[in-house]
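A.B. asks: Please find one structure pasted underneath; my questions will follow.
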Amino acid sequence: MMPQMTPSLVHFLIVGALLFACGILCVITRRNAVGVLMGVELILNSANINFLAFAHFSSQSLQGGIDGHVFALFCIVLAALECAVALAIVMAIYRNFNKTIDMEELTTLRE
Amino acid sequence: MANGSYYNSFYLIFIPLLPLLGAMINGFFGAVIQTKLDKFYIHFVAIATVVTSFVLSLAGFIKLAADDSVLAIYTNAWTFLSIGSLKVDVAFILDPLSAVMCLVITFVGSLIHIYSTGYMKDDEGYWRFFAYLNLFMFSMLVLVLADNFLVMFIGWEGVGLCSYLLIGFWYKDVNNAKAGVKAFIVNRIGDVGFVIGIFILFWTLASISSGSGAVYTPGSAIHAPNSYASLVFADIEKTLQDVSIRQVFVAKTLFNIPAVTLICIALFIGAMGKSAQIPLYVWLPDAMAGPTPVSALIHAATMVTAGVYMVARLHFLFALSPFAMTWVALFGAVTALFAATIGFFQYDIKKVLAYSTISQLGFMFIGVGVGAYSAGIFHLVTHAFFKACLFLCAGSVIIGCHHEQDMRKMGGLSLYMPKTNLAYLIACIAISGFPFFSGFFSKDDILYRAFINQNMVYPGMGILIWGIGMAAALCTAYYIFRSYFMTFTGVFRGDPANLPKESPKSITHVLLLLAFFSAIVGFSDMPEIFYMPNLFHHFLEPVFESSRGLLHFSRGSHALEWLLTGLSVMLAFLGAYAAFYLYKDAESRLPTRLLSFESKPVRWVYRLIYNKYYIDELYHITMVKLVMAIRLIFNWIDQHIIDALVNFAGFAGKLVGTVAGTADSKGVDGMVNATANTVFTAGANLIKIQTGRLRHYLGVALAGGVILVIVNYIFFN
C-alpha cells in the first residue's frame, strides 16, 4: 500500500518547472507564431502555479493573506492582454511579410 | 536710499518708459502700420506717449511744488548690478531740478512731435522719424531722471545715438551721413572725458575710506558699511557734506593735481562734447543736416543742454574746485562771444541759429560756472522755449520757401507768412534780452551773478567774464535781428513765380504757443529789483542747498543791479538797431561793403569770421591729418614688422606642421588603422551569431540562465 501522500510545496514546484520547460520547448521549437504564443501562455501559467503554491504554503496564508492569489489574478489578466496585443502583432506580420507567420522566415530583426 | 523725505512712487518709471514703448511700437511695426493702415496711427502713438509723460511730469512737479516736506520723488526699478559692496540700482529721482528738466523736455517735446506731423507729412520714413524721436525722449528722460552716474551715462549715450540717427535721417545724401558720423565722433571724445571723470571720482571716494584719517560714522546713508565709494549722486553729496571727509577729499591728489579738479575738468570735457563748447562745438553746425524739428528738439532745446544739466546736478563737486569753476565759466564766456561773432556772416538760416545755440549754451555755462546754478538752469529753460520757437519758425520758412535755406533768397516773408513772422519776432526779442521778455530775465541774472561772484581763482575774473558776456549779448541781438530782417522784411528775392506760402495749422499753432511761452516764461524768476517773488529760484533752492555754503557772492546793491540791467538793455537795443540799419531793406550790404574796403585788415577779419575762424580747417590739418599720419606710420609698422612676424610665424608653423604630419601619417595613423582593422575583422566574424531567428536568441538566453544556476549551485551553495 502506498503511503499516504499529501502534496507538499516541492510537488507543486516540480509541476511548475515541468510546465515552464514545456513552454520554453514550445517557444523554441514551434515554427508557427501562434504556437509560440501558446508556449508563452504556458510559461506564464507555470509562474502562476508557483505564486499560488508559495501563497498556499507560506505562513501568511494561515493568517488569511491572499497576496499570491492577487498576483496570480493580475498575471492572468496580463496574459489575456498580452495575448490580444501579440495576436494583433501576428496579424500585422502576416500582412506585411508576404502572408506568412513562419518564425524561420522572419529574420529581419538581424538587420 | 531710504530717506524719510523721499516720496516713493512707482509711477515715476512711466515717464521715460512710455516714450520707449512708443519707440518700440513704431520701430517694430511702424512700416506695416504706415503701409497697411494710416500715418495717423503712427503719430497718434508717438504723441500720446509723450503727452502722457508730460502729464506725469506735471503731476510730479505739482507734488514737489505743493508739498514742502517732499524733497524728491523716488523709485527704484531694479538692481542693475551688485558687486561686492558696490550696488547700482536702476533708480529714478524727480527732485526740483530734474522736475524742471522733465517739464521742459516733455512739453517742448510734445509740441515738436505735433509740429513734425505737419513738417514730415510727405516723408517716406515717417514711422522711422517718430520712432527715433520717441527713443530720444526716452534717453533724455533717463538722463535727467537718473539717480546715479551709471544710469545717467546710459541716457547720455542714448541721446548721442539718437542724435546720430536723426542727423543722418536722410542718409541717402552722403553729406548728412557724414555730419551724423562727425557728431557721433566728437561726442565720443567728450564721453571719454565723462567716463574718466566718473572713474577718478569713484577711485577717490574709495581711497578715502581705506585709512586716510576720515572716520566713518554709522548711520549715514551709504550702501557699503566701510566705503564711501558710490555712484549715487545723493550719497556722494551726503558724504561730502561731512566736513572732515570733505577736507580729505579735497586734499587728495592724483599726478600732483587735486583729484577734485581732475574730476571736474574731465566731467566738463564730457559736457563740452555734449553741449558743443569750444573746442568740441564743431559738430553742432553740421548737425543742422537733420530735419528741422530735430534741430529744434535735440540740437537746441534739450540734448545739448545735458552738459549744463550735468554740471548743475554735480554742483557739490564743482563747488569744491574753484579752478574747475573758473574754467567752466571762462570756456562758457569765450564760446558765447566766439560763436556769436560767427553768426554775423552766415547766410544759412539754420546755421545762424546753430551758432546762436552754441553761444547761448556758453551763457548757461557762465551761469553754472560762477555758481549761479539756478540762473544757469533758468536760462536753459527760457532758451528751450525761444530757441525751439526760432528753429521751428526757420523750419516753417524753409518749407514755405520750397526747401530754401539761404537767407539771401528770402526777404519780405512777413507778407506771405504772417504767423511765422510774429512768432519769429517774439522769439528774437526774447533771445536778445529786450525788457520783460524771458531772455531778459535769465541772461541778466547770469551776467549779474557773474559780476558779483567771488568763486574764481583769479581776482577780477568775474568782471572779465561779465564783460565777455556783455559783448556776446550785444552780438546776439545783432545777428538774430539780422536774420529776422533778412528773412522777413524788404522784398522777396527768390523765384517770383514760386511765392512762399504760410504753413499748415499744425505748424503755426505750435509756433504761436511757443512764442507765447518765450514771452512769458521769464516772469517765473523775477530779479529782486522788481520786488516780485523769485519762484523759480525758490523752487530749485533745496537742490543746491549743500553747495551754498561753499560759494561766495559779494553783496550786490540794487543800484548796481539796475546799472548792469540798464547797460545790457541798451546793448540789446543797440545790436538790434545796428541790424535794422544795415539790413532793413533786406539787401545784405555789409559784406559787400566790407569787401570793398581797401584796407587789408578789415577784409581779412571778414574772411576770418565768414569762414568760421577756419576752425574746421584747423581741425582738418591738425587732428585729422595727424590721425592720417599716424595711420601711415601704423601702416608701415603693419607691413614691415607685424607682417614679417606673421610671415615668420606662418613659416615656422609650416615647418612644424611638416614634421608633425610625417609622424602623424606614419606613426599615429598606423596605430589607429591597426585598431580599426582589428575591430573590423572581429565584427565581420561576430556578425554570424546574429541570425535573426527567435529560437536562437531564446535558446542562448536559456542556456545562459541554466549556466548561471549551475554556477551558483556549485560555488555558492
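Just remember, in the C-alpha cells the first chain shown is A, the second B, etc., residues are 1-based per chain, and ligands are 1-based in the order shown.
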Which polymer residues have any atom within 12 Å of an atom of Tyr458 (chain B), counting only C-alpha atoms, with same-chain residues fewer than 3 positions away left out, as a PDB file with N, CA and C atoms, in the first residue's frame?

C.D. replies:
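So the final result, stored in selection.pdb, reads:
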ATOM      1  N   PRO B 322      37.393 125.602  -7.178  1.00  0.00           N
ATOM      2  CA  PRO B 322      37.309 126.931  -7.811  1.00  0.00           C
ATOM      3  C   PRO B 322      38.017 126.953  -9.153  1.00  0.00           C
ATOM      4  N   PHE B 323      39.093 126.174  -9.249  1.00  0.00           N
ATOM      5  CA  PHE B 323      39.844 126.146 -10.509  1.00  0.00           C
ATOM      6  C   PHE B 323      38.948 125.657 -11.646  1.00  0.00           C
ATOM      7  N   ALA B 324      38.272 124.530 -11.400  1.00  0.00           N
ATOM      8  CA  ALA B 324      37.395 123.995 -12.438  1.00  0.00           C
ATOM      9  C   ALA B 324      36.263 124.968 -12.738  1.00  0.00           C
ATOM     10  N   MET B 325      35.715 125.578 -11.688  1.00  0.00           N
ATOM     11  CA  MET B 325      34.620 126.528 -11.904  1.00  0.00           C
ATOM     12  C   MET B 325      35.068 127.669 -12.798  1.00  0.00           C
ATOM     13  N   THR B 326      36.285 128.163 -12.521  1.00  0.00           N
ATOM     14  CA  THR B 326      36.801 129.256 -13.329  1.00  0.00           C
ATOM     15  C   THR B 326      36.839 128.871 -14.794  1.00  0.00           C
ATOM     16  N   TRP B 327      37.331 127.663 -15.045  1.00  0.00           N
ATOM     17  CA  TRP B 327      37.471 127.271 -16.448  1.00  0.00           C
ATOM     18  C   TRP B 327      36.134 127.009 -17.106  1.00  0.00           C
ATOM     19  N   LEU B 330      34.866 130.422 -17.876  1.00  0.00           N
ATOM     20  CA  LEU B 330      35.656 131.090 -18.909  1.00  0.00           C
ATOM     21  C   LEU B 330      35.391 130.472 -20.280  1.00  0.00           C
ATOM     22  N   ASN B 453      30.237 137.504  -8.459  1.00  0.00           N
ATOM     23  CA  ASN B 453      30.692 136.254  -7.839  1.00  0.00           C
ATOM     24  C   ASN B 453      32.147 136.354  -7.410  1.00  0.00           C
ATOM     25  N   GLN B 454      32.482 135.594  -6.382  1.00  0.00           N
ATOM     26  CA  GLN B 454      33.865 135.588  -5.870  1.00  0.00           C
ATOM     27  C   GLN B 454      34.388 134.164  -5.805  1.00  0.00           C
ATOM     28  N   ASN B 455      33.999 133.342  -6.732  1.00  0.00           N
ATOM     29  CA  ASN B 455      34.402 131.941  -6.686  1.00  0.00           C
ATOM     30  C   ASN B 455      35.554 131.633  -7.627  1.00  0.00           C
ATOM     31  N   MET B 461      38.341 138.019 -12.299  1.00  0.00           N
ATOM     32  CA  MET B 461      37.866 137.104 -13.339  1.00  0.00           C
ATOM     33  C   MET B 461      36.377 137.263 -13.577  1.00  0.00           C
ATOM     34  N   GLY B 462      35.638 137.471 -12.489  1.00  0.00           N
ATOM     35  CA  GLY B 462      34.188 137.610 -12.611  1.00  0.00           C
ATOM     36  C   GLY B 462      33.826 138.755 -13.537  1.00  0.00           C
ATOM     37  N   ILE B 463      34.526 139.871 -13.359  1.00  0.00           N
ATOM     38  CA  ILE B 463      34.211 141.053 -14.170  1.00  0.00           C
ATOM     39  C   ILE B 463      34.618 140.827 -15.619  1.00  0.00           C
ATOM     40  N   LEU B 464      35.736 140.130 -15.820  1.00  0.00           N
ATOM     41  CA  LEU B 464      36.155 139.798 -17.184  1.00  0.00           C
ATOM     42  C   LEU B 464      35.086 138.952 -17.874  1.00  0.00           C
ATOM     43  N   ILE B 465      34.619 137.943 -17.151  1.00  0.00           N
ATOM     44  CA  ILE B 465      33.595 137.069 -17.730  1.00  0.00           C
ATOM     45  C   ILE B 465      32.320 137.861 -18.010  1.00  0.00           C
TER      46      ILE B 465
END

A.B. asks: List as a list in words the protein and nucleic acid residues near Asn48 (chain A), meaning an atom at most 10 Å away when only C-alpha atoms are counted, but skip any in the same chain fewer than 2 places from it.

C.D. replies: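 Surrounding residues, per the criterion: Gly16, Leu42, Ile43, Leu44, Asn45, Ser46, Asn50, Phe51, Leu52, Ala53, Phe54, Gly68, His69, Phe71, Ala72, Leu73, Phe74, Cys75 and Ile76 of chain A.
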
A.B. asks: What are the residues of chain B that have an atom within 9 Å of an atom of chain A, counting only C-alpha atoms, as a ChimeraX atom specification?

C.D. replies: /B:690-696,698-699,702

A.B. asks: Smallest atom-to-atom distance to Cys162 (chain B): which of B:Met310, B:Phe61, B:Leu133, B:Ala333, using only C-alpha atoms?

C.D. replies: B:Leu133

A.B. asks: Residues within 12 Å of Val10 (chain A), please, as an mmCIF file with N, CA and C atoms, in the first residue's frame. Count only C-alpha atoms; anything in the same chain fewer than 2 positions from it doesn't count.

C.D. replies:
data_model
loop_
_atom_site.group_PDB
_atom_site.id
_atom_site.type_symbol
_atom_site.label_atom_id
_atom_site.label_comp_id
_atom_site.auth_asym_id
_atom_site.auth_seq_id
_atom_site.Cartn_x
_atom_site.Cartn_y
_atom_site.Cartn_z
ATOM 1 N N THR A 6 0.517 13.520 1.017
ATOM 2 C CA THR A 6 -0.056 14.871 0.906
ATOM 3 C C THR A 6 0.876 15.705 0.045
ATOM 4 N N PRO A 7 0.331 16.339 -0.983
ATOM 5 C CA PRO A 7 1.225 17.149 -1.853
ATOM 6 C C PRO A 7 1.845 18.301 -1.051
ATOM 7 N N SER A 8 3.144 18.334 -1.118
ATOM 8 C CA SER A 8 3.832 19.442 -0.423
ATOM 9 C C SER A 8 4.267 20.494 -1.445
ATOM 10 N N PHE A 12 4.381 20.891 -6.093
ATOM 11 C CA PHE A 12 3.830 21.980 -6.913
ATOM 12 C C PHE A 12 4.914 22.621 -7.755
ATOM 13 N N LEU A 13 6.082 22.805 -7.116
ATOM 14 C CA LEU A 13 7.170 23.465 -7.841
ATOM 15 C C LEU A 13 7.629 22.618 -9.006
ATOM 16 N N ILE A 14 7.626 21.304 -8.795
ATOM 17 C CA ILE A 14 8.043 20.400 -9.883
ATOM 18 C C ILE A 14 7.080 20.536 -11.050
ATOM 19 N N VAL A 15 5.780 20.545 -10.730
ATOM 20 C CA VAL A 15 4.791 20.707 -11.797
ATOM 21 C C VAL A 15 5.030 22.021 -12.523
ATOM 22 N N GLY A 16 5.254 23.081 -11.712
ATOM 23 C CA GLY A 16 5.516 24.420 -12.314
ATOM 24 C C GLY A 16 6.710 24.348 -13.231
ATOM 25 N N ALA A 17 7.803 23.705 -12.774
ATOM 26 C CA ALA A 17 9.038 23.661 -13.558
ATOM 27 C C ALA A 17 8.805 22.898 -14.839
ATOM 28 N N ILE A 49 1.364 28.979 -11.108
ATOM 29 C CA ILE A 49 1.363 27.825 -10.197
ATOM 30 C C ILE A 49 2.325 28.068 -9.040
ATOM 31 N N ASN A 50 3.494 28.605 -9.373
ATOM 32 C CA ASN A 50 4.471 28.926 -8.317
ATOM 33 C C ASN A 50 3.910 29.938 -7.330
ATOM 34 N N ALA A 53 1.346 28.252 -5.199
ATOM 35 C CA ALA A 53 1.948 27.300 -4.284
ATOM 36 C C ALA A 53 2.594 28.014 -3.108
ATOM 37 N N PHE A 54 3.374 29.004 -3.431
ATOM 38 C CA PHE A 54 4.047 29.745 -2.344
ATOM 39 C C PHE A 54 3.023 30.413 -1.458
ATOM 40 N N PHE A 57 1.432 27.797 0.873
ATOM 41 C CA PHE A 57 2.295 27.193 1.905
ATOM 42 C C PHE A 57 3.020 28.212 2.782
#

A.B. asks: So which bits of chain A end up helix (DSSP H, G or I) when you DSSP the backbone, as a CSV table (one decimal) with N, CA and C atoms, in the first residue's frame?

C.D. replies:
chain,number,residue,atom,x,y,z
A,9,LEU,N,4.9,21.5,-1.0
A,9,LEU,CA,5.4,22.6,-1.8
A,9,LEU,C,6.2,22.2,-3.0
A,10,VAL,N,7.1,21.2,-2.7
A,10,VAL,CA,8.0,20.7,-3.7
A,10,VAL,C,7.3,20.2,-4.9
A,11,HIS,N,6.2,19.4,-4.7
A,11,HIS,CA,5.5,18.9,-5.8
A,11,HIS,C,4.9,19.9,-6.7
A,12,PHE,N,4.4,20.9,-6.1
A,12,PHE,CA,3.8,22.0,-6.9
A,12,PHE,C,4.9,22.6,-7.8
A,13,LEU,N,6.1,22.8,-7.1
A,13,LEU,CA,7.2,23.5,-7.8
A,13,LEU,C,7.6,22.6,-9.0
A,14,ILE,N,7.6,21.3,-8.8
A,14,ILE,CA,8.0,20.4,-9.9
A,14,ILE,C,7.1,20.5,-11.0
A,15,VAL,N,5.8,20.5,-10.7
A,15,VAL,CA,4.8,20.7,-11.8
A,15,VAL,C,5.0,22.0,-12.5
A,16,GLY,N,5.3,23.1,-11.7
A,16,GLY,CA,5.5,24.4,-12.3
A,16,GLY,C,6.7,24.3,-13.2
A,17,ALA,N,7.8,23.7,-12.8
A,17,ALA,CA,9.0,23.7,-13.6
A,17,ALA,C,8.8,22.9,-14.8
A,18,LEU,N,8.0,21.8,-14.7
A,18,LEU,CA,7.8,21.0,-15.9
A,18,LEU,C,7.0,21.8,-17.0
A,19,LEU,N,6.0,22.5,-16.4
A,19,LEU,CA,5.2,23.4,-17.3
A,19,LEU,C,6.0,24.4,-18.0
A,20,PHE,N,6.9,25.0,-17.2
A,20,PHE,CA,7.9,26.0,-17.7
A,20,PHE,C,8.7,25.4,-18.8
A,21,ALA,N,9.2,24.2,-18.6
A,21,ALA,CA,10.1,23.6,-19.6
A,21,ALA,C,9.3,23.3,-20.8
A,22,CYS,N,8.0,22.8,-20.7
A,22,CYS,CA,7.2,22.6,-21.8
A,22,CYS,C,7.0,23.9,-22.6
A,23,GLY,N,6.8,25.0,-21.9
A,23,GLY,CA,6.6,26.3,-22.5
A,23,GLY,C,7.8,26.7,-23.3
A,24,ILE,N,9.0,26.6,-22.7
A,24,ILE,CA,10.2,27.0,-23.4
A,24,ILE,C,10.4,26.2,-24.6
A,25,LEU,N,10.2,24.9,-24.5
A,25,LEU,CA,10.3,24.0,-25.6
A,25,LEU,C,9.4,24.4,-26.7
A,26,CYS,N,8.2,24.7,-26.4
A,26,CYS,CA,7.2,25.1,-27.4
A,26,CYS,C,7.7,26.4,-28.1
A,27,VAL,N,8.1,27.3,-27.3
A,27,VAL,CA,8.5,28.6,-27.9
A,27,VAL,C,9.7,28.4,-28.8
A,28,ILE,N,10.7,27.5,-28.4
A,28,ILE,CA,11.9,27.4,-29.2
A,28,ILE,C,11.6,26.6,-30.5
A,29,THR,N,10.8,25.5,-30.3
A,29,THR,CA,10.7,24.6,-31.5
A,29,THR,C,9.6,25.0,-32.5
A,33,ALA,N,3.9,31.1,-35.4
A,33,ALA,CA,4.0,32.2,-34.4
A,33,ALA,C,2.9,32.0,-33.4
A,34,VAL,N,1.7,31.5,-33.8
A,34,VAL,CA,0.6,31.3,-32.8
A,34,VAL,C,1.1,30.2,-31.8
A,35,GLY,N,1.8,29.2,-32.3
A,35,GLY,CA,2.3,28.2,-31.4
A,35,GLY,C,3.2,28.8,-30.4
A,36,VAL,N,4.1,29.7,-30.8
A,36,VAL,CA,5.0,30.4,-29.9
A,36,VAL,C,4.2,31.1,-28.8
A,37,LEU,N,3.1,31.7,-29.2
A,37,LEU,CA,2.3,32.4,-28.2
A,37,LEU,C,1.7,31.4,-27.2
A,38,MET,N,1.3,30.3,-27.7
A,38,MET,CA,0.8,29.3,-26.8
A,38,MET,C,1.9,28.9,-25.7
A,39,GLY,N,3.1,28.8,-26.2
A,39,GLY,CA,4.2,28.5,-25.3
A,39,GLY,C,4.4,29.6,-24.3
A,40,VAL,N,4.2,30.8,-24.7
A,40,VAL,CA,4.4,31.9,-23.7
A,40,VAL,C,3.3,31.8,-22.7
A,41,GLU,N,2.1,31.4,-23.1
A,41,GLU,CA,1.0,31.2,-22.1
A,41,GLU,C,1.4,30.2,-21.1
A,42,LEU,N,2.0,29.1,-21.6
A,42,LEU,CA,2.4,28.0,-20.6
A,42,LEU,C,3.4,28.6,-19.6
A,43,ILE,N,4.3,29.3,-20.1
A,43,ILE,CA,5.3,29.9,-19.2
A,43,ILE,C,4.7,30.7,-18.1
A,44,LEU,N,3.7,31.6,-18.6
A,44,LEU,CA,3.1,32.5,-17.6
A,44,LEU,C,2.3,31.6,-16.6
A,45,ASN,N,1.6,30.6,-17.0
A,45,ASN,CA,0.9,29.8,-16.1
A,45,ASN,C,1.7,29.0,-15.2
A,46,SER,N,2.9,28.6,-15.6
A,46,SER,CA,3.8,28.0,-14.7
A,46,SER,C,4.2,28.9,-13.6
A,47,ALA,N,4.4,30.2,-13.9
A,47,ALA,CA,4.7,31.2,-12.9
A,47,ALA,C,3.5,31.3,-12.0
A,48,ASN,N,2.3,31.2,-12.5
A,48,ASN,CA,1.1,31.3,-11.6
A,48,ASN,C,1.0,30.2,-10.6
A,49,ILE,N,1.4,29.0,-11.1
A,49,ILE,CA,1.4,27.8,-10.2
A,49,ILE,C,2.3,28.1,-9.0
A,50,ASN,N,3.5,28.6,-9.4
A,50,ASN,CA,4.5,28.9,-8.3
A,50,ASN,C,3.9,29.9,-7.3
A,51,PHE,N,3.3,31.0,-7.9
A,51,PHE,CA,2.7,32.0,-7.0
A,51,PHE,C,1.7,31.4,-6.0
A,52,LEU,N,0.8,30.6,-6.6
A,52,LEU,CA,-0.2,30.0,-5.7
A,52,LEU,C,0.3,29.0,-4.7
A,53,ALA,N,1.3,28.3,-5.2
A,53,ALA,CA,1.9,27.3,-4.3
A,53,ALA,C,2.6,28.0,-3.1
A,54,PHE,N,3.4,29.0,-3.4
A,54,PHE,CA,4.0,29.7,-2.3
A,54,PHE,C,3.0,30.4,-1.5
A,55,ALA,N,1.9,30.9,-2.1
A,55,ALA,CA,0.9,31.6,-1.3
A,55,ALA,C,0.3,30.6,-0.3
A,56,HIS,N,0.0,29.4,-0.8
A,56,HIS,CA,-0.7,28.5,0.0
A,56,HIS,C,0.2,28.0,1.1
A,57,PHE,N,1.4,27.8,0.9
A,57,PHE,CA,2.3,27.2,1.9
A,57,PHE,C,3.0,28.2,2.8
A,59,SER,N,3.5,31.1,5.6
A,59,SER,CA,2.9,31.3,7.0
A,59,SER,C,1.8,32.3,6.9
A,60,GLN,N,1.9,33.2,5.8
A,60,GLN,CA,0.9,34.3,5.8
A,60,GLN,C,-0.5,33.8,5.5
A,61,SER,N,-0.5,32.7,4.7
A,61,SER,CA,-1.9,32.3,4.3
A,61,SER,C,-2.7,31.8,5.5
A,62,LEU,N,-2.0,31.4,6.5
A,62,LEU,CA,-2.7,30.9,7.8
A,62,LEU,C,-3.4,32.1,8.4
A,67,ASP,N,-2.0,37.6,-0.9
A,67,ASP,CA,-1.1,38.3,-1.8
A,67,ASP,C,-0.8,37.5,-3.1
A,68,GLY,N,-0.5,36.3,-2.9
A,68,GLY,CA,-0.1,35.4,-4.0
A,68,GLY,C,-1.3,35.2,-5.0
A,69,HIS,N,-2.5,35.1,-4.4
A,69,HIS,CA,-3.6,34.9,-5.2
A,69,HIS,C,-3.9,36.1,-6.1
A,70,VAL,N,-3.7,37.3,-5.5
A,70,VAL,CA,-3.9,38.5,-6.2
A,70,VAL,C,-2.9,38.6,-7.3
A,71,PHE,N,-1.7,38.2,-7.0
A,71,PHE,CA,-0.6,38.3,-8.1
A,71,PHE,C,-1.0,37.4,-9.2
A,72,ALA,N,-1.5,36.2,-8.9
A,72,ALA,CA,-1.8,35.3,-10.0
A,72,ALA,C,-3.0,35.8,-10.8
A,73,LEU,N,-4.0,36.5,-10.1
A,73,LEU,CA,-5.1,37.1,-10.9
A,73,LEU,C,-4.6,38.1,-11.9
A,74,PHE,N,-3.7,39.0,-11.3
A,74,PHE,CA,-3.1,40.0,-12.2
A,74,PHE,C,-2.4,39.4,-13.4
A,75,CYS,N,-1.7,38.3,-13.1
A,75,CYS,CA,-0.9,37.7,-14.1
A,75,CYS,C,-1.8,37.2,-15.2
A,76,ILE,N,-3.0,36.6,-14.8
A,76,ILE,CA,-3.9,36.1,-15.8
A,76,ILE,C,-4.5,37.2,-16.7
A,77,VAL,N,-4.8,38.3,-16.0
A,77,VAL,CA,-5.3,39.4,-16.8
A,77,VAL,C,-4.3,39.9,-17.7
A,78,LEU,N,-3.1,40.0,-17.2
A,78,LEU,CA,-1.9,40.5,-18.1
A,78,LEU,C,-1.8,39.5,-19.3
A,79,ALA,N,-1.9,38.2,-19.0
A,79,ALA,CA,-1.7,37.3,-20.0
A,79,ALA,C,-2.7,37.5,-21.1
A,80,ALA,N,-4.0,37.7,-20.7
A,80,ALA,CA,-5.0,38.0,-21.7
A,80,ALA,C,-4.7,39.2,-22.5
A,81,LEU,N,-4.3,40.2,-21.9
A,81,LEU,CA,-3.9,41.5,-22.6
A,81,LEU,C,-2.8,41.2,-23.6
A,82,GLU,N,-1.7,40.5,-23.0
A,82,GLU,CA,-0.6,40.3,-23.9
A,82,GLU,C,-1.0,39.5,-25.1
A,83,CYS,N,-1.8,38.6,-24.8
A,83,CYS,CA,-2.3,37.7,-25.9
A,83,CYS,C,-3.0,38.5,-27.0
A,84,ALA,N,-3.9,39.4,-26.6
A,84,ALA,CA,-4.6,40.3,-27.5
A,84,ALA,C,-3.6,41.1,-28.4
A,85,VAL,N,-2.6,41.7,-27.7
A,85,VAL,CA,-1.6,42.5,-28.4
A,85,VAL,C,-0.8,41.6,-29.3
A,86,ALA,N,-0.3,40.5,-28.8
A,86,ALA,CA,0.6,39.7,-29.6
A,86,ALA,C,-0.1,39.1,-30.8
A,87,LEU,N,-1.4,38.8,-30.7
A,87,LEU,CA,-2.2,38.3,-31.9
A,87,LEU,C,-2.3,39.4,-32.9
A,88,ALA,N,-2.5,40.6,-32.4
A,88,ALA,CA,-2.6,41.8,-33.3
A,88,ALA,C,-1.3,41.9,-34.1
A,89,ILE,N,-0.2,41.7,-33.3
A,89,ILE,CA,1.1,41.8,-34.0
A,89,ILE,C,1.3,40.7,-35.0
A,90,VAL,N,0.8,39.5,-34.7
A,90,VAL,CA,0.9,38.4,-35.6
A,90,VAL,C,0.1,38.7,-36.9
A,91,MET,N,-1.1,39.3,-36.7
A,91,MET,CA,-1.8,39.7,-37.8
A,91,MET,C,-1.1,40.7,-38.7
A,92,ALA,N,-0.4,41.7,-38.0
A,92,ALA,CA,0.3,42.7,-38.8
A,92,ALA,C,1.5,42.0,-39.5
A,93,ILE,N,2.1,41.1,-38.9
A,93,ILE,CA,3.2,40.4,-39.5
A,93,ILE,C,2.7,39.6,-40.8
A,94,TYR,N,1.6,39.0,-40.6
A,94,TYR,CA,1.0,38.2,-41.7
A,94,TYR,C,0.8,39.1,-42.9
A,95,ARG,N,0.3,40.3,-42.6
A,95,ARG,CA,0.0,41.2,-43.8
A,95,ARG,C,1.3,41.7,-44.4
A,96,ASN,N,2.3,42.0,-43.6
A,96,ASN,CA,3.4,42.8,-44.1
A,96,ASN,C,4.5,41.9,-44.6
A,108,THR,N,14.2,39.5,-40.0
A,108,THR,CA,14.5,40.9,-40.2
A,108,THR,C,15.1,41.6,-39.0
A,109,LEU,N,14.9,41.0,-37.8
A,109,LEU,CA,15.5,41.6,-36.6
A,109,LEU,C,17.0,41.7,-36.6
A,110,ARG,N,17.6,40.8,-37.5
A,110,ARG,CA,19.0,40.8,-37.7
A,110,ARG,C,19.6,42.1,-38.2

A.B. asks: Tell me, in Å to one decimal, how far CA of Thr106 (chain B) is from CA of Met364 (chain B).

C.D. replies: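 One can read the CA of Thr106 (chain B) to CA of Met364 (chain B) distance as 20.4 Å.
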
A.B. asks: For Ile185 (chain B), which residue among B:Ile429, B:Ala579, B:Leu145, B:Leu280 is the nearest when counting only C-alpha atoms?

C.D. replies: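 Ranking B:Ile429, B:Ala579, B:Leu145, B:Leu280 by distance to Ile185 (chain B), first place goes to B:Leu280.
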
A.B. asks: Set the distance at 12 Å and use only C-alpha atoms: which residues neighbour Asp123 (chain B) once local chain neighbours fewer than 4 positions away are removed? I'd like the list as an MDAnalysis selection string.

C.D. replies: chainID B and resid 34 39 116:119 127:130 169:170 291

A.B. asks: Would you save the residues from that selection as a short mmCIF file (atom, residue, chain, number, x, y, z; two decimals), in the first residue's frame, using N, CA and C atoms?

C.D. replies:
data_model
loop_
_atom_site.label_atom_id
_atom_site.label_comp_id
_atom_site.auth_asym_id
_atom_site.auth_seq_id
_atom_site.Cartn_x
_atom_site.Cartn_y
_atom_site.Cartn_z
N GLN B 34 2.26 101.98 -41.43
CA GLN B 34 2.24 103.06 -42.41
C GLN B 34 1.67 102.59 -43.74
N LYS B 39 -0.92 106.93 -41.56
CA LYS B 39 0.08 107.65 -40.79
C LYS B 39 -0.47 108.16 -39.48
N SER B 116 5.95 118.09 -36.04
CA SER B 116 6.53 117.17 -37.02
C SER B 116 5.48 116.51 -37.88
N THR B 117 4.25 116.35 -37.33
CA THR B 117 3.21 115.73 -38.17
C THR B 117 2.98 116.57 -39.41
N GLY B 118 3.14 117.90 -39.26
CA GLY B 118 3.00 118.74 -40.44
C GLY B 118 4.28 118.76 -41.26
N TYR B 119 5.41 118.83 -40.56
CA TYR B 119 6.68 119.05 -41.27
C TYR B 119 7.09 117.81 -42.05
N TRP B 127 7.43 106.81 -40.13
CA TRP B 127 7.42 105.96 -38.92
C TRP B 127 8.78 105.93 -38.28
N ARG B 128 9.83 105.88 -39.12
CA ARG B 128 11.19 105.84 -38.59
C ARG B 128 11.48 107.11 -37.80
N PHE B 129 11.03 108.24 -38.34
CA PHE B 129 11.27 109.53 -37.69
C PHE B 129 10.65 109.55 -36.30
N PHE B 130 9.39 109.12 -36.21
CA PHE B 130 8.73 109.18 -34.90
C PHE B 130 9.30 108.13 -33.95
N PHE B 169 19.29 111.35 -40.78
CA PHE B 169 17.98 110.76 -41.09
C PHE B 169 17.80 110.57 -42.59
N TRP B 170 18.19 111.60 -43.35
CA TRP B 170 18.14 111.45 -44.80
C TRP B 170 19.49 110.94 -45.25
N PRO B 291 16.54 116.86 -40.06
CA PRO B 291 15.26 117.57 -40.22
C PRO B 291 15.13 118.68 -39.19
#

A.B. asks: Excluding Phe153 (chain B) and residues on its chain fewer than 5 positions from it, collect all residues at most 10 Å away from it, counting only C-alpha atoms, and give them as a list in words.

C.D. replies: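 Neighbouring residues, sequence-local ones excluded: Ser139, Val142, Leu143, Ala146, Asn148, Gly158, Val159, Asp191, Phe194, Val195 and Ile198 of chain B.
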
A.B. asks: For a test of reading the model, state the distance in Å between CA of Ser518 (chain B) and CA of Phe386 (chain B), rounded to one decimal.

C.D. replies: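 We find that CA of Ser518 (chain B) and CA of Phe386 (chain B) lie 5.0 Å from each other.
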